[in-house]
Amino acid sequence: MKIGIIGVGNLGYSVAIGILSEKQHIKCKSLYLSKRNPRSLDNIGNLSVVKITTENKRLVKYSDVIIVAVQPAQLKGVLEEIKDVINPKKHTLISVVTGRKISDIEDVLGNDLPIIRCMPNTAISVGQSMTCISANERGKKNVEYAKTIFNALGKTMCIEENLMQAATVICASGIAFWMRLIRATSQGAVQLGFHSEEALELSMQTCLGAASLLIDSRSHPEEEIDKVTTPSGCTIQGLNEMEHQGLSSSLIKGLVTSFEKINEI
Ligand SMILES: NC(=O)C1=CN([C@@H]2O[C@H](COP(=O)(O)OP(=O)(O)OC[C@H]3O[C@@H](n4cnc5c(N)ncnc54)[C@H](OP(=O)(O)O)[C@@H]3O)[C@@H](O)[C@H]2O)C=CC1
Ligand SMILES: O=C(O)[C@@H]1CCC=N1
């Protein structure tokens, strides 16, 4: 695959690092990267597979799969810029842009082009993204390209496009939400006597353990909670206090607020 990424910021860079780190499945012949100020890519610019440019048209010319990772307000300008060099028989366009529908892209590039909308997260740089995928009619045949890339860099789920906004909040913003929970539990650990580095390690590994328990056993979170909450013990006491303070409720309200904000982006 000849892959190009237009917009190599926080997410585009994570995707690039993921692609460069994975050698087995993606088989990336060349990775074209484009941004307006490319100095921040100096550290990967000397890799033989990587080509850096400021010209999006050039990137399109030398790529088969084009990943667009610019901010929502920048998308239309980028599409207008590349529309003359896009060839529906050659190219597949993958957009990871939040809040922009496949139909918004079709309005500029037409519906002959295979268009795939994906929502990965920054854990893609360590091969642990949860990526949701949907495609236009023409893109359904090429969805395997997206699956090959994103399955090699975590897990994928094909979803209806009308769920993409929810997937954005749960999976993409979700990285920030989980980070804050890890940070908060480590702050608690410091208050209870650990040094901050020890506290963070305790929190991270416990978080990984909790997710691994569910992934490996396919059990329900409440089943695992039941195994930890000794009758009259400390866990249920703490858990109930967290719920009295609105833990689940505040998390759900936060998710819904993020979801609604996407309508304004
Ligand atoms: N960050 C995240 O965790 C996630 C982000 N997303 C979505 O991905 C997109 C990118 O987000 P994020 O990486 O955070 O944003 P950033 O602002 O970090 O990255 C945007 C990048 O686009 C580049 N850019 C802007 N205009 C152009 C242009 N005309 N041609 C080429 N490159 C251009 C910018 O670089 P320069 O200024 O140098 O050109 C910058 O590197 C957004 O739509 C976001 O909603 C989706 C899931 C997760
Ligand atoms: O915060 C944002 O708008 C983007 C979309 C999901 C993650 N970052």
# chains A, B, ... in the order shown; residues from 1 in each chain; ligands from 1
>>> residues_around(residues="region 104-118 of chain A", least_positions_apart="3", cutoff="10 Å", atoms="only C-alpha atoms", output="NGL selection string")
:A and (65-68 or 75-77 or 79-80 or 82-84 or 86-101 or 121 or 131-143 or 145-147 or 150 or 156-159 or 161 or 164 or 167-168)
>>> residues_near_ligand(ligand="ligand 1", cutoff="6 Å", atoms="only C-alpha atoms and all ligand atoms", output="JSON, numbers by chain")
{"A": [6, 7, 8, 9, 10, 11, 12, 34, 35, 36, 37, 38, 69, 70, 71, 72, 74, 78, 96, 97, 98, 119, 120, 121, 122, 172]}
>>> write_last_selection(atoms="C-alpha atoms", output="tab-separated table (two decimals), in the first residue's frame")
chain	number	residue	atom	x	y	z
A	6	ILE	CA	-2.85	14.85	5.02
A	7	GLY	CA	-2.61	16.59	8.40
A	8	VAL	CA	0.05	15.17	10.67
A	9	GLY	CA	-0.92	16.66	14.01
A	10	ASN	CA	-1.75	14.79	17.21
A	11	LEU	CA	-3.82	12.07	15.56
A	12	GLY	CA	-2.16	11.99	12.12
A	34	SER	CA	1.75	16.41	4.56
A	35	LYS	CA	1.39	19.41	6.84
A	36	ARG	CA	1.91	23.11	6.37
A	37	ASN	CA	4.80	23.39	8.83
A	38	PRO	CA	6.71	20.13	8.43
A	69	ALA	CA	-6.55	14.02	9.53
A	70	VAL	CA	-7.03	17.79	9.55
A	71	GLN	CA	-9.33	19.73	11.86
A	72	PRO	CA	-13.00	19.84	10.86
A	74	GLN	CA	-9.84	22.69	7.51
A	78	VAL	CA	-8.17	20.44	1.69
A	96	VAL	CA	-10.80	10.60	10.53
A	97	VAL	CA	-12.23	14.11	10.80
A	98	THR	CA	-14.71	14.57	13.61
A	119	MET	CA	-12.65	7.06	14.14
A	120	PRO	CA	-9.40	5.80	15.70
A	121	ASN	CA	-7.76	7.12	18.85
A	122	THR	CA	-4.22	8.16	19.80
A	172	ALA	CA	-11.53	8.92	20.62
>>> select_by_dssp(residues="region 43-152 of chain A", states="helix (DSSP H, G or I)", output="VMD selection string")
chain A and resid 43 to 45 56 to 61 72 to 85 102 to 109 122 to 126 138 to 151
>>> residues_around(residues="Ile19 (chain A)", least_positions_apart="4", cutoff="9 Å", atoms="only C-alpha atoms", output="list in words")
Ser14, Val15, Lys23, Ile26, Lys27, Cys28, Leu31, Ile124, Ser125, Gly127, Ile149, Ala152 and Leu153 of chain A
